[in-house]
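Enquirer: The structure is given below, and queries will be raised subsequently.
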Amino acid sequence: MAALWLLDWDFLNLRATWTRQSVFPFPAGMLTHERLDAIVAGDSSMLPQDMREEVDRTVQELGNAPTSDLDAALDGAYLRTLLHLAGSIGAPVIDACIGDFVLGKAIAWLWRAVRARQGLKTFQRFLLPLDGYTGILEEILAAPDPKSWPGIAPGRFGELIETALEHEEDDRIPAFEQLAAAHILQMARRGQDQVFGPERVFSYLATLKNEMYNVKLIVCGRLNRIDASVLKQRLRECYG
């Protein structure tokens, strides 16, 4: 269960290892420092099967790709591993939450790429396939104007994109991410109704992740002298 929320740190540490950084930026989750060194040396045998398959695929793909593709390759591997981990738990609430989390992440990354006028071929190569979401993302990749995305994204996500588009240009992506985070937390709260089982743990960890984000936002924002009113607008929903 904890791996669902530590996995992004693992992949950021993996990126640091691949780029020969001397310091791991985050505490280890499933990837200990020894495992990270072994992976870069070509030995992924100690990893769980789902994660091993994705890391091996990434190594193979990057063998014929420029170093600049590393981020997109690791992002795709991260999202696919996340979906596999959620599915292995066997809890529909968790599966649905992680599925929407993955879709929200993918949309935000593509939106940033469009805003930065980056080519989307790299994302199509490394981000896809994503079980259950490949068709949706292929449609978004084929229509790189976010104003057309509300009609493509399913259900609630179309509404979230439409609401985010009402903001000023610079605020649209942060607004979408904040709306998506609130949507996922609302879904995770259904786990509180369970008397026992993984759903209650997942619900607690989902809230804790938002609280950690808020603390980071406040501390970094104040250190960079960002106005408190701006930071308040970016805070994510928590139980408290």
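Labels used: A, B, ... for chains in the order of the structure tokens, numbers from 1 for residues in each chain, and numbers from 1 for ligands as shown.
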What's the 9 Å shell around Leu6 of chain A, counting only C-alpha atoms, without same-chain residues fewer than 5 positions away, as a PyMOL selection string?

Expert: chain A and resi 27-30

Enquirer: Keeping only N, CA, C and O atoms, write the selected residues to a file as a PDB file, in the first residue's frame.

Expert:
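Output contents, as saved in result_5.pdb:
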ATOM      1  N   PRO A  27      13.997   9.729   0.191  1.00  0.00           N
ATOM      2  CA  PRO A  27      14.189   8.448   0.901  1.00  0.00           C
ATOM      3  C   PRO A  27      13.787   7.276   0.008  1.00  0.00           C
ATOM      4  O   PRO A  27      12.918   7.401  -0.857  1.00  0.00           O
ATOM      5  N   ALA A  28      14.421   6.133   0.233  1.00  0.00           N
ATOM      6  CA  ALA A  28      14.151   4.951  -0.582  1.00  0.00           C
ATOM      7  C   ALA A  28      12.819   4.325  -0.208  1.00  0.00           C
ATOM      8  O   ALA A  28      12.437   4.291   0.960  1.00  0.00           O
ATOM      9  N   GLY A  29      12.085   3.834  -1.207  1.00  0.00           N
ATOM     10  CA  GLY A  29      10.872   3.068  -0.995  1.00  0.00           C
ATOM     11  C   GLY A  29      11.158   1.625  -1.347  1.00  0.00           C
ATOM     12  O   GLY A  29      11.842   0.915  -0.625  1.00  0.00           O
ATOM     13  N   MET A  30      10.639   1.170  -2.499  1.00  0.00           N
ATOM     14  CA  MET A  30      10.959  -0.176  -2.962  1.00  0.00           C
ATOM     15  C   MET A  30      12.371  -0.253  -3.522  1.00  0.00           C
ATOM     16  O   MET A  30      12.986  -1.314  -3.545  1.00  0.00           O
TER      17      MET A  30
END

Enquirer: Quick one: residues within 10 Å of Pro129 of chain A, only C-alpha atoms, excluding same-chain residues fewer than 3 positions away - as an MDAnalysis selection string?

Expert: chainID A and resid 76:77 80 124:126 132:135 137:138

Enquirer: For the residues in the current selection, export N, CA and C atoms as a PDB file, in the first residue's frame.

Expert:
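Result saved to result.pdb:
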ATOM      1  N   GLY A  76       6.397   7.330 -18.075  1.00  0.00           N
ATOM      2  CA  GLY A  76       5.548   6.249 -18.562  1.00  0.00           C
ATOM      3  C   GLY A  76       5.697   4.990 -17.723  1.00  0.00           C
ATOM      4  N   ALA A  77       6.930   4.651 -17.375  1.00  0.00           N
ATOM      5  CA  ALA A  77       7.180   3.468 -16.545  1.00  0.00           C
ATOM      6  C   ALA A  77       6.546   3.627 -15.166  1.00  0.00           C
ATOM      7  N   ARG A  80       2.637   3.172 -15.459  1.00  0.00           N
ATOM      8  CA  ARG A  80       2.257   1.775 -15.702  1.00  0.00           C
ATOM      9  C   ARG A  80       2.478   0.919 -14.458  1.00  0.00           C
ATOM     10  N   GLN A 124       4.060  10.147 -26.933  1.00  0.00           N
ATOM     11  CA  GLN A 124       3.333   9.037 -27.532  1.00  0.00           C
ATOM     12  C   GLN A 124       4.173   7.761 -27.488  1.00  0.00           C
ATOM     13  N   ARG A 125       5.471   7.900 -27.655  1.00  0.00           N
ATOM     14  CA  ARG A 125       6.349   6.735 -27.657  1.00  0.00           C
ATOM     15  C   ARG A 125       6.515   6.144 -26.268  1.00  0.00           C
ATOM     16  N   PHE A 126       6.690   6.985 -25.257  1.00  0.00           N
ATOM     17  CA  PHE A 126       7.065   6.495 -23.936  1.00  0.00           C
ATOM     18  C   PHE A 126       5.904   6.433 -22.944  1.00  0.00           C
ATOM     19  N   GLY A 132      -6.325   0.914 -20.188  1.00  0.00           N
ATOM     20  CA  GLY A 132      -7.600   1.570 -19.941  1.00  0.00           C
ATOM     21  C   GLY A 132      -7.650   3.024 -20.373  1.00  0.00           C
ATOM     22  N   TYR A 133      -6.494   3.620 -20.657  1.00  0.00           N
ATOM     23  CA  TYR A 133      -6.455   5.060 -20.967  1.00  0.00           C
ATOM     24  C   TYR A 133      -5.744   5.368 -22.278  1.00  0.00           C
ATOM     25  N   THR A 134      -5.260   4.343 -22.957  1.00  0.00           N
ATOM     26  CA  THR A 134      -4.511   4.563 -24.194  1.00  0.00           C
ATOM     27  C   THR A 134      -5.352   5.296 -25.228  1.00  0.00           C
ATOM     28  N   GLY A 135      -6.594   4.862 -25.447  1.00  0.00           N
ATOM     29  CA  GLY A 135      -7.441   5.481 -26.456  1.00  0.00           C
ATOM     30  C   GLY A 135      -7.709   6.948 -26.174  1.00  0.00           C
ATOM     31  N   LEU A 137      -5.883   9.057 -24.357  1.00  0.00           N
ATOM     32  CA  LEU A 137      -4.662   9.846 -24.509  1.00  0.00           C
ATOM     33  C   LEU A 137      -4.251   9.971 -25.969  1.00  0.00           C
ATOM     34  N   GLU A 138      -4.522   8.945 -26.770  1.00  0.00           N
ATOM     35  CA  GLU A 138      -4.237   9.054 -28.202  1.00  0.00           C
ATOM     36  C   GLU A 138      -5.095  10.149 -28.834  1.00  0.00           C
TER      37      GLU A 138
END

Enquirer: List the spatial neighbours of segment 37-51 of chain A as a PyMOL selection string - criterion: any atom at most 6 Å away, only C-alpha atoms, same-chain residues fewer than 3 positions off excluded.

Expert: chain A and resi 34+54+81

Enquirer: Tell me which of A:Arg225, A:Ile173, A:Thr58, A:Ser88 sits closest to Leu110 of chain A, counting only C-alpha atoms.

Expert: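 Closest residue, counting only C-alpha atoms: A:Ile173.
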
Enquirer: Given the choices A:Val93, A:Phe26, A:Val114, A:Gln178, which gets closest to Lys147 of chain A if the distance is worked out from only C-alpha atoms?

Expert: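 Among A:Val93, A:Phe26, A:Val114, A:Gln178, it is A:Val114 that comes nearest to Lys147 of chain A.
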
Enquirer: Residues of segment 8-233 of chain A classed as alpha helix (DSSP H) by DSSP on the backbone are to be reported as an MDAnalysis selection string.

Expert: chainID A and resid 8:18 33:40 49:62 70:89 92:115 121:127 134:142 155:164 172:188 198:223 228:233

Enquirer: I need the residue nearest Gln233 of chain A from this list: A:Leu179, A:Ile184, A:Leu141, A:Met1. Use only C-alpha atoms for the distance.

Expert: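 Checking each candidate against Gln233 of chain A, we get A:Leu179 as the closest.
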